[in-house]
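So this one's structure_18.tsv, TSV, C-alpha atoms:
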```tsv
chain	number	residue	atom	x	y	z
A	162	MET	CA	-38.09	26.47	75.10
A	163	ASN	CA	-41.02	25.06	77.05
A	164	THR	CA	-42.61	23.90	73.81
A	165	ILE	CA	-39.40	22.16	72.72
A	166	ALA	CA	-39.00	20.50	76.12
A	167	ALA	CA	-42.60	19.30	76.03
A	168	SER	CA	-42.10	17.87	72.54
A	169	LEU	CA	-38.95	16.02	73.62
A	170	GLY	CA	-40.73	14.69	76.68
A	171	GLN	CA	-43.62	13.43	74.55
A	172	ALA	CA	-41.19	11.78	72.12
A	173	ARG	CA	-39.40	9.98	74.97
A	174	LYS	CA	-42.76	8.86	76.38
A	175	SER	CA	-43.87	7.49	72.99
A	176	GLN	CA	-40.55	5.71	72.56
A	177	GLY	CA	-40.84	4.21	76.05
A	178	ILE	CA	-44.35	2.96	75.28
A	179	TRP	CA	-43.11	1.29	72.10
A	180	PHE	CA	-40.17	-0.41	73.85
A	181	ALA	CA	-42.44	-1.65	76.66
A	182	GLY	CA	-45.03	-2.87	74.17
A	183	ILE	CA	-42.43	-4.74	72.13
A	184	ALA	CA	-41.02	-6.38	75.29
A	185	ILE	CA	-44.50	-7.57	76.31
A	186	PHE	CA	-45.25	-8.75	72.76
A	187	VAL	CA	-42.02	-10.76	72.45
A	188	THR	CA	-42.56	-12.39	75.86
A	189	ALA	CA	-46.14	-13.35	75.00
A	190	TRP	CA	-44.99	-14.54	71.57
A	191	PHE	CA	-42.53	-17.05	73.03
A	192	VAL	CA	-45.04	-18.30	75.61
A	193	LEU	CA	-47.70	-18.91	72.94
A	194	TYR	CA	-45.22	-20.38	70.46
A	195	ASN	CA	-44.16	-23.08	72.92
A	196	GLN	CA	-47.79	-24.12	73.42
A	197	LEU	CA	-48.71	-24.51	69.75
A	198	LEU	CA	-47.92	-28.22	69.39
A	199	PRO	CA	-49.78	-29.34	72.55
A	200	PHE	CA	-52.72	-27.16	71.53
A	201	ALA	CA	-52.82	-28.65	68.00
A	202	ARG	CA	-52.74	-32.19	69.38
A	203	TRP	CA	-55.50	-31.39	71.89
A	204	LEU	CA	-57.62	-29.76	69.20
A	205	VAL	CA	-57.41	-32.85	66.99
A	206	THR	CA	-58.63	-35.04	69.88
A	207	GLN	CA	-61.75	-32.86	70.11
A	208	LEU	CA	-62.71	-33.60	66.51
A	209	PRO	CA	-64.53	-36.72	65.23
A	210	ILE	CA	-61.34	-38.04	63.64
A	211	THR	CA	-59.75	-41.45	64.16
A	212	PRO	CA	-56.51	-40.99	66.14
A	213	GLY	CA	-53.39	-41.90	64.14
A	214	SER	CA	-55.20	-41.78	60.80
A	215	HIS	CA	-53.95	-39.96	57.71
A	216	LEU	CA	-56.60	-37.31	58.24
A	217	ALA	CA	-55.60	-36.79	61.89
A	218	SER	CA	-51.96	-36.38	60.85
A	219	SER	CA	-52.88	-33.84	58.18
A	220	VAL	CA	-55.19	-31.84	60.45
A	221	GLU	CA	-52.61	-31.73	63.25
A	222	PHE	CA	-49.99	-30.48	60.79
A	223	PHE	CA	-52.36	-27.77	59.58
A	224	PHE	CA	-53.42	-26.64	63.06
A	225	TYR	CA	-49.81	-26.56	64.23
A	226	ASP	CA	-48.14	-24.96	61.22
A	227	THR	CA	-50.71	-22.26	60.49
A	228	PRO	CA	-50.25	-20.24	63.69
A	229	LYS	CA	-46.58	-21.16	63.82
A	230	VAL	CA	-45.75	-19.80	60.38
A	231	LEU	CA	-47.96	-16.72	60.84
A	232	MET	CA	-46.32	-15.95	64.19
A	233	LEU	CA	-42.83	-16.45	62.78
A	234	LEU	CA	-43.70	-14.32	59.77
A	235	THR	CA	-45.02	-11.50	61.97
A	236	LEU	CA	-41.90	-11.45	64.12
A	237	VAL	CA	-39.48	-11.60	61.18
A	238	VAL	CA	-41.35	-9.01	59.10
A	239	PHE	CA	-41.54	-6.56	62.01
A	240	ALA	CA	-37.82	-6.88	62.76
A	241	MET	CA	-36.84	-6.54	59.12
A	242	GLY	CA	-39.33	-3.70	58.64
A	243	VAL	CA	-37.30	-1.78	61.20
A	244	VAL	CA	-34.03	-2.74	59.47
A	245	ARG	CA	-35.44	-1.70	56.10
A	246	THR	CA	-35.88	1.90	57.28
A	247	PHE	CA	-32.13	2.17	56.76
A	248	PHE	CA	-32.44	1.03	53.11
A	249	SER	CA	-34.86	3.14	51.08
A	250	PRO	CA	-34.98	2.57	47.29
A	251	GLU	CA	-33.07	5.84	46.77
A	252	ARG	CA	-30.41	4.85	49.29
A	253	THR	CA	-30.08	1.41	47.71
A	254	ARG	CA	-29.64	2.90	44.25
A	255	ALA	CA	-27.08	5.35	45.57
A	256	LEU	CA	-25.09	2.60	47.26
A	257	LEU	CA	-24.94	0.58	44.04
A	258	ALA	CA	-24.53	3.41	41.51
A	259	GLY	CA	-21.09	3.39	39.97
A	260	LYS	CA	-20.05	0.09	41.57
A	261	ARG	CA	-17.85	-2.05	39.39
A	262	GLU	CA	-18.64	-5.66	38.63
A	263	GLY	CA	-17.19	-8.15	41.07
A	264	LEU	CA	-17.36	-6.22	44.30
A	265	GLY	CA	-20.53	-4.59	42.98
A	266	ASN	CA	-22.14	-8.01	42.49
A	267	ILE	CA	-21.23	-9.00	46.04
A	268	ALA	CA	-22.58	-5.76	47.50
A	269	ALA	CA	-25.78	-5.97	45.42
A	270	ALA	CA	-26.50	-9.57	46.45
A	271	HIS	CA	-26.04	-8.77	50.14
A	272	LEU	CA	-28.25	-5.68	49.87
A	273	GLY	CA	-30.91	-7.87	48.27
A	274	ILE	CA	-31.28	-9.82	51.52
A	275	VAL	CA	-32.41	-6.86	53.63
A	276	THR	CA	-34.25	-4.68	51.14
A	277	PRO	CA	-38.06	-4.80	50.73
A	278	PHE	CA	-38.30	-5.75	47.08
A	279	CYS	CA	-39.85	-8.69	45.25
A	280	SER	CA	-40.79	-9.57	41.68
A	281	CYS	CA	-43.66	-7.05	41.84
A	282	SER	CA	-41.05	-4.29	42.17
A	283	ALA	CA	-38.93	-5.61	39.30
A	284	VAL	CA	-39.80	-3.07	36.60
A	285	PRO	CA	-39.46	0.22	38.53
A	286	LEU	CA	-36.37	-1.09	40.32
A	287	PHE	CA	-34.73	-2.20	37.09
A	288	VAL	CA	-35.35	1.14	35.41
A	289	GLY	CA	-34.19	3.01	38.51
A	290	PHE	CA	-30.98	1.02	38.76
A	291	VAL	CA	-30.14	1.34	35.07
A	292	SER	CA	-30.89	5.07	35.09
A	293	ALA	CA	-28.63	5.54	38.11
A	294	GLY	CA	-25.70	3.96	36.29
A	295	VAL	CA	-25.74	0.59	38.06
A	296	PRO	CA	-24.11	-2.00	35.73
A	297	LEU	CA	-26.46	-4.58	34.24
A	298	GLY	CA	-24.75	-7.54	35.93
A	299	VAL	CA	-24.83	-5.82	39.33
A	300	THR	CA	-28.53	-5.09	38.85
A	301	PHE	CA	-29.22	-8.75	38.13
A	302	SER	CA	-27.31	-9.84	41.26
A	303	PHE	CA	-29.65	-7.65	43.30
A	304	LEU	CA	-32.82	-8.76	41.52
A	305	ILE	CA	-31.91	-12.44	41.96
A	306	ALA	CA	-30.98	-12.14	45.64
A	307	ALA	CA	-33.91	-9.91	46.71
A	308	PRO	CA	-36.69	-12.50	46.22
A	309	MET	CA	-34.65	-15.70	46.59
A	310	VAL	CA	-32.45	-15.00	49.64
A	311	ASN	CA	-34.74	-12.65	51.52
A	312	GLU	CA	-35.04	-12.40	55.28
A	313	ILE	CA	-38.43	-14.14	55.36
A	314	ALA	CA	-37.04	-17.22	53.59
A	315	LEU	CA	-34.04	-17.36	55.91
A	316	GLY	CA	-36.06	-16.75	59.08
A	317	LEU	CA	-38.63	-19.42	58.27
A	318	LEU	CA	-35.99	-21.92	57.13
A	319	PHE	CA	-34.08	-21.36	60.35
A	320	ALA	CA	-37.16	-21.89	62.51
A	321	LEU	CA	-38.75	-24.75	60.57
A	322	VAL	CA	-35.83	-26.73	59.14
A	323	GLY	CA	-32.79	-25.74	61.18
A	324	TRP	CA	-29.84	-23.36	61.14
A	325	LYS	CA	-27.60	-25.64	59.05
A	326	VAL	CA	-30.03	-25.69	56.14
A	327	ALA	CA	-30.72	-21.96	56.48
A	328	LEU	CA	-27.02	-21.08	56.54
A	329	THR	CA	-26.21	-23.38	53.62
A	330	TYR	CA	-29.13	-21.96	51.64
A	331	LEU	CA	-27.87	-18.44	52.38
A	332	ALA	CA	-24.36	-19.30	51.17
A	333	PHE	CA	-25.44	-20.97	47.95
A	334	GLY	CA	-28.27	-18.52	47.25
A	335	LEU	CA	-25.84	-15.63	47.49
A	336	SER	CA	-23.38	-17.53	45.30
A	337	ILE	CA	-26.02	-17.96	42.59
A	338	ALA	CA	-26.92	-14.25	42.71
A	339	ILE	CA	-23.29	-13.10	42.64
A	340	VAL	CA	-22.03	-15.49	39.98
A	341	SER	CA	-25.12	-15.21	37.76
A	342	GLY	CA	-24.96	-11.41	37.84
A	343	TRP	CA	-21.23	-11.46	37.10
A	344	VAL	CA	-21.69	-13.83	34.14
A	345	ILE	CA	-24.51	-11.71	32.70
A	346	GLY	CA	-22.33	-8.62	33.15
A	347	ARG	CA	-19.39	-10.27	31.36
A	348	LEU	CA	-21.64	-11.04	28.38
A	349	HIS	CA	-22.22	-7.27	27.83
A	350	LEU	CA	-25.89	-7.62	26.93
A	351	GLU	CA	-26.93	-4.01	27.49
A	352	GLY	CA	-28.03	-3.90	23.87
A	353	TRP	CA	-30.70	-6.49	24.67
A	354	LEU	CA	-32.54	-4.13	26.99
A	355	GLU	CA	-35.73	-2.62	25.64
A	356	PRO	CA	-34.85	0.63	23.78
A	357	TRP	CA	-36.84	2.90	26.12
A	358	VAL	CA	-34.90	1.57	29.11
A	359	ARG	CA	-31.53	2.32	27.49
A	360	GLU	CA	-32.63	5.90	26.87
A	361	VAL	CA	-33.53	6.57	30.50
A	362	ARG	CA	-30.77	8.28	32.45
A	363	ALA	CA	-31.10	9.94	35.82
A	364	GLY	CA	-28.88	12.46	37.50
A	365	GLU	CA	-26.51	11.71	40.33
A	366	VAL	CA	-28.19	9.97	43.26
A	367	ASP	CA	-27.50	11.33	46.73
A	368	LEU	CA	-28.00	9.52	50.00
A	369	GLU	CA	-30.93	10.84	51.97
A	370	ASP	CA	-30.59	12.11	55.51
A	371	GLU	CA	-33.97	11.16	56.93
A	372	HIS	CA	-33.39	11.57	60.70
A	373	LEU	CA	-35.93	8.91	61.58
A	374	THR	CA	-36.64	8.33	65.26
A	375	TRP	CA	-37.01	4.86	66.77
A	376	VAL	CA	-40.74	5.48	66.98
A	377	ASP	CA	-40.75	6.11	63.20
A	378	ARG	CA	-38.82	2.88	62.63
A	379	PHE	CA	-41.10	0.83	64.89
A	380	GLU	CA	-44.14	2.25	63.13
A	381	ALA	CA	-42.57	1.29	59.80
A	382	GLY	CA	-42.07	-2.24	61.13
A	383	TRP	CA	-45.73	-2.46	62.14
A	384	ASP	CA	-46.81	-1.06	58.76
A	385	ALA	CA	-44.70	-3.77	57.11
A	386	VAL	CA	-46.48	-6.43	59.17
A	387	LYS	CA	-49.90	-5.14	58.13
A	388	GLU	CA	-48.90	-4.85	54.48
A	389	ILE	CA	-46.89	-8.04	53.96
A	390	VAL	CA	-48.82	-10.42	56.21
A	391	GLY	CA	-52.04	-8.96	54.84
A	392	LYS	CA	-50.93	-9.76	51.30
A	393	VAL	CA	-49.45	-13.23	51.79
A	394	TRP	CA	-51.59	-14.89	54.48
A	395	HIS	CA	-53.76	-16.65	51.89
A	396	TRP	CA	-50.63	-17.98	50.17
A	397	ILE	CA	-49.46	-19.25	53.55
A	398	ILE	CA	-52.76	-21.02	54.21
A	399	ALA	CA	-52.63	-22.60	50.73
A	400	GLY	CA	-49.02	-23.68	51.23
A	401	ILE	CA	-49.73	-25.17	54.65
A	402	ALA	CA	-52.79	-26.98	53.29
A	403	ALA	CA	-50.63	-28.51	50.54
A	404	GLY	CA	-47.99	-29.38	53.09
A	405	ALA	CA	-50.61	-30.96	55.37
A	406	PHE	CA	-51.85	-33.15	52.52
A	407	ILE	CA	-48.31	-34.25	51.71
A	408	HIS	CA	-47.58	-34.87	55.40
A	409	GLY	CA	-50.66	-37.00	55.96
A	410	TYR	CA	-51.35	-38.79	52.70
A	411	VAL	CA	-48.26	-39.00	50.46
A	412	PRO	CA	-46.22	-42.14	51.24
A	413	ALA	CA	-42.61	-41.48	52.21
A	414	GLU	CA	-41.46	-44.25	49.88
A	415	LEU	CA	-43.13	-42.57	46.90
A	416	LEU	CA	-41.51	-39.19	47.55
A	417	SER	CA	-38.14	-40.80	48.17
A	418	SER	CA	-38.33	-42.56	44.82
A	419	ILE	CA	-39.43	-39.43	42.93
A	420	MET	CA	-37.46	-36.71	44.75
A	421	GLY	CA	-34.68	-38.78	46.27
A	422	ALA	CA	-30.98	-38.12	45.81
A	423	ASP	CA	-30.62	-41.33	43.76
A	424	SER	CA	-32.91	-40.01	41.01
A	425	TRP	CA	-30.59	-37.88	38.85
A	426	TRP	CA	-33.51	-36.40	36.94
A	427	SER	CA	-35.31	-35.20	40.07
A	428	VAL	CA	-33.40	-31.90	40.29
A	429	PRO	CA	-34.11	-30.64	36.73
A	430	ALA	CA	-37.69	-31.93	37.04
A	431	ALA	CA	-38.13	-29.94	40.26
A	432	VAL	CA	-36.79	-26.79	38.61
A	433	LEU	CA	-39.07	-27.19	35.59
A	434	LEU	CA	-42.03	-27.82	37.89
A	435	GLY	CA	-41.27	-24.72	39.96
A	436	ILE	CA	-40.95	-22.18	37.12
A	437	PRO	CA	-44.65	-22.03	36.11
A	438	MET	CA	-45.71	-21.68	39.73
A	439	TYR	CA	-46.03	-18.46	41.68
A	440	SER	CA	-45.53	-18.20	45.41
A	441	ASN	CA	-43.34	-16.41	47.92
A	442	ALA	CA	-41.03	-17.76	50.59
A	443	ALA	CA	-43.72	-17.72	53.27
A	444	GLY	CA	-46.09	-19.73	51.10
A	445	ILE	CA	-43.66	-22.31	49.75
A	446	ILE	CA	-41.63	-23.12	52.89
A	447	PRO	CA	-44.43	-25.13	54.61
A	448	VAL	CA	-44.48	-27.31	51.48
A	449	ILE	CA	-40.69	-27.65	51.71
A	450	GLU	CA	-41.01	-28.66	55.37
A	451	ALA	CA	-43.53	-31.39	54.51
A	452	LEU	CA	-41.48	-32.69	51.57
A	453	LEU	CA	-38.34	-32.96	53.70
A	454	GLY	CA	-40.31	-34.68	56.44
A	455	LYS	CA	-41.37	-37.33	53.94
A	456	GLY	CA	-37.83	-38.13	52.83
A	457	ALA	CA	-37.42	-35.96	49.73
A	458	ALA	CA	-33.79	-35.08	49.01
A	459	LEU	CA	-32.70	-31.71	50.37
A	460	GLY	CA	-31.06	-30.55	47.15
A	461	THR	CA	-34.08	-31.44	45.03
A	462	VAL	CA	-36.47	-29.68	47.41
A	463	LEU	CA	-34.37	-26.51	47.65
A	464	ALA	CA	-33.92	-26.44	43.86
A	465	PHE	CA	-37.72	-26.51	43.60
A	466	MET	CA	-37.99	-23.69	46.15
A	467	MET	CA	-35.38	-21.55	44.39
A	468	SER	CA	-37.05	-21.96	41.01
A	469	VAL	CA	-40.48	-21.01	42.41
A	470	ILE	CA	-39.12	-17.87	44.08
A	471	ALA	CA	-36.42	-16.72	41.63
A	472	LEU	CA	-37.61	-18.00	38.23
A	473	SER	CA	-41.38	-17.81	38.43
A	474	LEU	CA	-43.25	-17.28	35.17
A	475	PRO	CA	-45.13	-14.21	36.52
A	476	GLU	CA	-41.79	-12.52	37.25
A	477	MET	CA	-40.63	-13.25	33.70
A	478	ILE	CA	-43.82	-11.65	32.37
A	479	ILE	CA	-43.18	-8.53	34.48
A	480	LEU	CA	-39.54	-8.33	33.39
A	481	ARG	CA	-40.59	-8.60	29.74
A	482	LYS	CA	-41.50	-4.91	29.96
A	483	VAL	CA	-37.83	-3.99	30.29
A	484	LEU	CA	-35.91	-6.99	28.89
A	485	SER	CA	-35.89	-8.53	25.45
A	486	LEU	CA	-36.85	-12.19	25.14
A	487	LYS	CA	-33.21	-13.02	24.41
A	488	LEU	CA	-32.03	-11.40	27.65
A	489	ILE	CA	-34.79	-13.15	29.63
A	490	ALA	CA	-33.66	-16.46	28.11
A	491	VAL	CA	-30.06	-15.78	29.16
A	492	PHE	CA	-31.24	-14.80	32.64
A	493	VAL	CA	-33.25	-18.03	33.04
A	494	ALA	CA	-30.43	-20.16	31.62
A	495	VAL	CA	-27.73	-18.69	33.88
A	496	VAL	CA	-29.81	-18.71	37.08
A	497	GLY	CA	-31.30	-22.12	36.25
A	498	THR	CA	-27.83	-23.60	35.77
A	499	GLY	CA	-26.82	-22.25	39.17
A	500	ILE	CA	-29.92	-23.73	40.81
A	501	LEU	CA	-29.26	-27.10	39.19
A	502	GLY	CA	-25.70	-27.03	40.49
A	503	VAL	CA	-26.87	-26.22	44.02
A	504	GLY	CA	-29.47	-29.01	43.88
A	505	TYR	CA	-26.96	-31.66	42.86
A	506	LEU	CA	-24.36	-30.37	45.33
A	507	PHE	CA	-26.87	-30.38	48.24
A	508	ASN	CA	-27.90	-33.92	47.35
A	509	ALA	CA	-24.26	-35.02	47.33
A	510	LEU	CA	-23.46	-33.31	50.64
A	511	PHE	CA	-26.61	-34.33	52.54
A	512	SER	CA	-27.44	-37.70	51.00
```

Give the structure from this file in structure tokens form.
Amino acid sequence: MNTIAASLGQARKSQGIWFAGIAIFVTAWFVLYNQLLPFARWLVTQLPITPGSHLASSVEFFFYDTPKVLMLLTLVVFAMGVVRTFFSPERTRALLAGKREGLGNIAAAHLGIVTPFCSCSAVPLFVGFVSAGVPLGVTFSFLIAAPMVNEIALGLLFALVGWKVALTYLAFGLSIAIVSGWVIGRLHLEGWLEPWVREVRAGEVDLEDEHLTWVDRFEAGWDAVKEIVGKVWHWIIAGIAAGAFIHGYVPAELLSSIMGADSWWSVPAAVLLGIPMYSNAAGIIPVIEALLGKGAALGTVLAFMMSVIALSLPEMIILRKVLSLKLIAVFVAVVGTGILGVGYLFNALFS
């Protein structure tokens, strides 16, 4: 009994330390965040740069956005790392196994927002879902929503662009994932899977009872910060550098003429430009921020962002291991049509 009591006491102490540490971290985070812009402006004045020049504008953007995005990313990833402890791959498969199309597409798309999967996880996830009996269309709804409407994209959009854009992006991103998955499911293209995938079948999937403590969940959140931020920081720096160049040197009139709402061809051009690229939400959103600041149309910019995240060429190469070329073509056509529709609709609503 004394041993058990000591263990419980130690657990409560560890949990108390974590809660206190998080409270101190969040307080310090907000204090530092509010000082980033004055610090960036002061730092630029210390450099041998002409005030008000293109270079000064670009450098200030870079010095301000780099810590800002990294701080936002750390906070969002930690919070969602804790949330993700409730959604293991096995639990996600179990929740979707046996779901019918329609409601299954809706459930899959919403699960995609909070689950820790990206294009790198596409092959094992796809095989796992198919083997668990998840319908093909429902699987696609999940695989579209997971990278495109993830919590990092929403958190950064909310902080950098505003809640209206973030909420609208959430609504239309989910719509693309749900409708695209439903359409692919209605086409009954299971025969276009690679033969080895069709032959894989797993037994019934049961929900796990993990009994994780809050300390376990907080540690998982910190592990997520180390893993995700450690993997994407260089993409963030590259994205902010591109955004800084656009912010300082690209004339607003030029971007408005190329990516403005009046140019009907700008939306399909943005989608075609985005597909060969590879980035994640954290890396591409600083570019989106700079483009919007220079007068680019919201629909065109978000169509570019969606195509980079959801239709990247590297993801297609990964999916080729489990999908035939015909099924990949259908996937790109259906999702691309949805992205085009969102781009034109955003331009009409926010012109």

**Asked** With all atoms listed in the file as the atoms that count, which of A:Ala307, A:Thr300, A:Asp377, A:Ile489 lies nearest to Trp343 of chain A?
**Response** A:Thr300

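One distance worth recording is that between atom CA of Ala405 of chain A and atom CA of Asp226 of chain A, which is 8.7 Å.
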
**Asked** So which one's closest to Val386 of chain A, A:Ile446, A:Ile305, A:Leu474, A:Val238? Using all atoms listed in the file, please.
**Response**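 Under the stated criterion, the closest residue is A:Val238.
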
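Going from atom CA of Glu351 of chain A to atom CA of Val291 of chain A covers 9.8 Å.
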
**Asked** Counting only C-alpha atoms, which of A:Val299, A:Val340, A:Ile407, A:Val230 gets nearest to Gly265 of chain A?
**Response** A:Val299

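Between atom CA of Ile436 of chain A and atom CA of Ser336 of chain A there is a distance of 19.9 Å.
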
Could the residues of segment 310-395 of chain A that have an atom at most 12 Å from segment 183-188 of chain A be listed as JSON lines, each with its closest atom pair and the distance in Å to one decimal, counting all atoms listed in the file and ordered by chain and ascending residue number?
```
{"residue": "A:Val376", "atom": "CA", "partner": "A:Ile183", "partner_atom": "CA", "distance": 11.6}
{"residue": "A:Phe379", "atom": "CA", "partner": "A:Ile183", "partner_atom": "CA", "distance": 9.2}
{"residue": "A:Glu380", "atom": "CA", "partner": "A:Ile183", "partner_atom": "CA", "distance": 11.5}
{"residue": "A:Gly382", "atom": "CA", "partner": "A:Ile183", "partner_atom": "CA", "distance": 11.3}
{"residue": "A:Trp383", "atom": "CA", "partner": "A:Ile183", "partner_atom": "CA", "distance": 10.8}
```

Okay, now the selection with C-alpha atoms, as a PDB file, keeping the file's coordinate frame?
```pdb
ATOM      1  CA  VAL A 376     -40.740   5.480  66.980  1.00  0.00           C
ATOM      2  CA  PHE A 379     -41.100   0.830  64.890  1.00  0.00           C
ATOM      3  CA  GLU A 380     -44.140   2.250  63.130  1.00  0.00           C
ATOM      4  CA  GLY A 382     -42.070  -2.240  61.130  1.00  0.00           C
ATOM      5  CA  TRP A 383     -45.730  -2.460  62.140  1.00  0.00           C
TER       6      TRP A 383
END
```

**Message:** Using all atoms listed in the file, can you tell me which of A:Tyr505, A:Ile470, A:Phe406, A:Phe239 comes closest to Trp426 of chain A?
**Reply:** A:Tyr505

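Residues lying within 7 Å of segment 398-402 of chain A, counting all atoms listed in the file and ignoring same-chain neighbours fewer than 2 positions away, are Phe223, Asp226, Thr227, Trp394, His395, Trp396, Gly404, Ala405, Phe406, Gly444, Ile445, Pro447 and Val448 of chain A.
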
**Message:** Please determine, counting all atoms listed in the file, which residue among A:Val344, A:Leu434, A:Ala320, A:Ile339 has the shortest atom-to-atom distance to Ala268 of chain A.
**Reply:**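 Checking each candidate against Ala268 of chain A, we get A:Ile339 as the closest.
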
**Asked** Between A:Lys392, A:Lys229, A:His408, A:Lys325, which is the closest to Glu450 of chain A once you count all atoms listed in the file?
**Response** A:His408

Non-local contacts of Leu328 of chain A (9 Å; all atoms listed in the file; under 5 positions in same chain excluded) as a compact mmCIF listing (two decimals) with C-alpha atoms, in the frame of the given file:
```
# COMPACT_ATOMS: atom_id res chain seq x y z
CA LEU A 315 -34.04 -17.36 55.91
CA PHE A 319 -34.08 -21.36 60.35
CA GLY A 323 -32.79 -25.74 61.18
CA PHE A 333 -25.44 -20.97 47.95
```
